[in-house]
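Quick notes on the structure that follows.
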Amino acid sequence: MRVRHILLVCLLTLCAPATVLAGEPHWGRMYSVPGTVPVREYPSDSALKVQVLKPGQKVRVDFQDDGWAAVFDPREPARAESHALGYAKLSELGGGNALMLAQATSIEVRKPAPDSKPEVLVNGKPAKSGQKASAKDPNSAKPESKAKPAAKGFGEIRVADRQLTVRATRDKDSEFRKVLKPGQTVRVDFLEDGWYAVFDPDEKTRDLKRAWGYSRDKYLVPESAYVPPPAEVQAPAVASAPAASHQPASADASALRKTHKSKGDDEAVGYAVVDRKSSKRNPPVTTLRVRLDMGQPPATEALRKIVREIWKAERKKNEELQLEVLLSGMDAHGLAYATARFHDDGRLREFWWRDVVIGKGKK
Amino acid sequence: MSNPTFLRRGMAACALLCLTFAPHLVQAQQKIGFVNPQRVVNETHLGQMAKADLARYVAEKDRMVRESASQVALLRKEAEAAGVSAAERAKREEQLKRKTAQHELLVQENARDIKAEESKLLQYVMRRADAVLEDIGKKGGYAIIFTDPAAVGYVDKANVDLTERVARELDNRGK
């Protein structure tokens, strides 16, 4: 009873949006847009404008990268980039209006000892009774501020939401260090250019020299936001999968299976890389053949999103990458179901599919 | 060990069987069939899907060409605009020249890609039809089944043309 009262008092002292946001999903960051903000199809100024946010409109924001972030409906329950409305510049979203409370991914009441006072932790940090969401606070303004010492140790604890490569530097093409398994907990800090320095979760010293390496921030989610993939996707059967025999023995081969969510469909979609071939053309074109963990094709728009996600995850620096998509049960060397070619910024340049290979038309 | 009477009777039965069926075997070796691949594509559900896939592909390529053409048109308009300095005009004309070359290359590449895609889709349908053809050939005792209309001068449609049969069987397998 006493614990409940204290929690109530603490919550009441927090800003008004708390009540508005109660019961809403706890992931990403909430923003109240200061002015009109264009939402684009891709994180690029030249990308198609798909929507314009109005002043005061609230949006959920996540998957920050290079000054851009994916924008979601505030009620969006699933943290999946494919569910995003589009992308907006963080600078345009006006970090100053980021809603502090909305950043709370967890509210926890702890009682260190039977006689001691219970303490309320917001995001693992002690909540002061006078804590308010300050729109003027420059720290809260930063949508992805550099990790600060948490209640215990430094940085923060995050979970890999997929098989994730840890690299020697903040570069996709840098030396491979290790692979994080989906659901593996790590300590992260030193966020820069969309890359976190990754440490052992028990690491006590905030020193880059002690880091395992670097991983992309968007795949390291807060513990509360982590949703385990479905059993069939989670199965670490890459080695035993038929596709495995065609895999290159590169470091990235260990991260062949990833999960996606297609729009309008909450079922996670896993995929395996079946083949990766580079042509001798100048500039060289790499054709990546992937097999989706689905026997029937998704809706066209969902498939478009899936191929864009795969492109983002699999493309190496400055590589011209095109995708050939197979569905479960299709011949690995036969005609692909869909083919996608991209612009340098990730927009789809060409996209087509063949109903004939599945013997029936799309629903 | 063995009964000579039984052996004699067995050999006689074999000889009789050979005499009865030998002419039919010779006849079977002489059976010839013909299948028109274009009709298989036109008259089967699978072929229709392949055609729809090709039409979608062509539409996608056309969209790219239209986009590129509109960019060329825009550059041309800018290059021909009045009141532009000579240096600026030269710059714009150079851009137009480059874009026009790119556009022409795109049109050529698209034509080549469409042809390649058409061939891939036709091959896909015909590979499926080949399996049907093989079954019909074996079961029907055909020695040869032609699939090249150019190689056939005359076809007795009632007896030799298997196109309809192949198309029907291919549709049945797709159900």
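So you can find residues: chains in the structure tokens are A, B, ... in the order shown, residues in each start at 1, and ligands are numbered from 1 in order.
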
**Asked** Which residues come within 9 Å of B:Ile114, counting only C-alpha atoms, excluding same-chain residues fewer than 5 positions away, as a VMD selection string?
**Response** chain B and resid 54 57 to 58 61 109 119

Mind dumping the selected residues with C-alpha atoms as a compact mmCIF listing (two decimals), in the first residue's frame?
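Below is the file result-v1.txt, written as the result:
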```
# COMPACT_ATOMS: atom_id res chain seq x y z
CA LEU B 54 5.94 -10.01 -68.21
CA TYR B 57 7.84 -6.11 -65.80
CA VAL B 58 7.39 -4.14 -69.02
CA LYS B 61 10.59 -0.65 -67.26
CA GLU B 109 19.17 -1.86 -71.61
CA SER B 119 12.86 -15.76 -72.45
```

Cut-off 7 Å: closest chain B/chain A atom pairs per residue, using only C-alpha atoms, as a tab-separated table:
```
residue	atom	partner	partner_atom	distance
B:Leu46	CA	A:Val356	CA	6.2
B:Met49	CA	A:Val356	CA	5.3
B:Ala50	CA	A:Val356	CA	5.4
B:Asp53	CA	A:Arg354	CA	5.4
B:Tyr57	CA	A:Trp352	CA	6.1
B:Glu60	CA	A:Glu350	CA	6.9
B:Gly174	CA	A:Gly359	CA	6.8
```

Those residues you just picked out, can you put them in a file as a PDB file, in the first residue's frame with C-alpha atoms?
```pdb
ATOM      1  CA  LEU B  46       0.544 -20.931 -66.108  1.00  0.00           C
ATOM      2  CA  MET B  49       0.406 -15.863 -65.417  1.00  0.00           C
ATOM      3  CA  ALA B  50       3.767 -15.672 -67.139  1.00  0.00           C
ATOM      4  CA  ASP B  53       4.277 -11.176 -65.023  1.00  0.00           C
ATOM      5  CA  TYR B  57       7.839  -6.113 -65.804  1.00  0.00           C
ATOM      6  CA  GLU B  60       7.993  -1.182 -64.530  1.00  0.00           C
ATOM      7  CA  GLY B 174      -1.342 -26.699 -61.490  1.00  0.00           C
TER       8      GLY B 174
END
```

**Request:** Determine the nearest neighbour of B:Lys31 from the options B:Val152, B:Thr163, B:Gly140, B:Gln71, counting only C-alpha atoms.
**Result:** B:Gly140

**Prompt:** Per DSSP on the backbone, what are the strand (DSSP E) residues of stretch 5-167 of chain B, as a ChimeraX atom specification?
**Reply:** /B:32-34,144-146

**Request:** Excluding stretch 221-223 of chain A and residues on its chain fewer than 5 positions from it, collect all residues at most 9 Å away from it, counting only C-alpha atoms, and give them as a list of chain:residue names.
**Result:**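 The residues satisfying every condition are A:Trp27, A:Thr105, A:Glu156, A:Ile157, A:Arg158, A:Val159, A:Ala160, A:Asp161, A:Gly183, A:Thr185.
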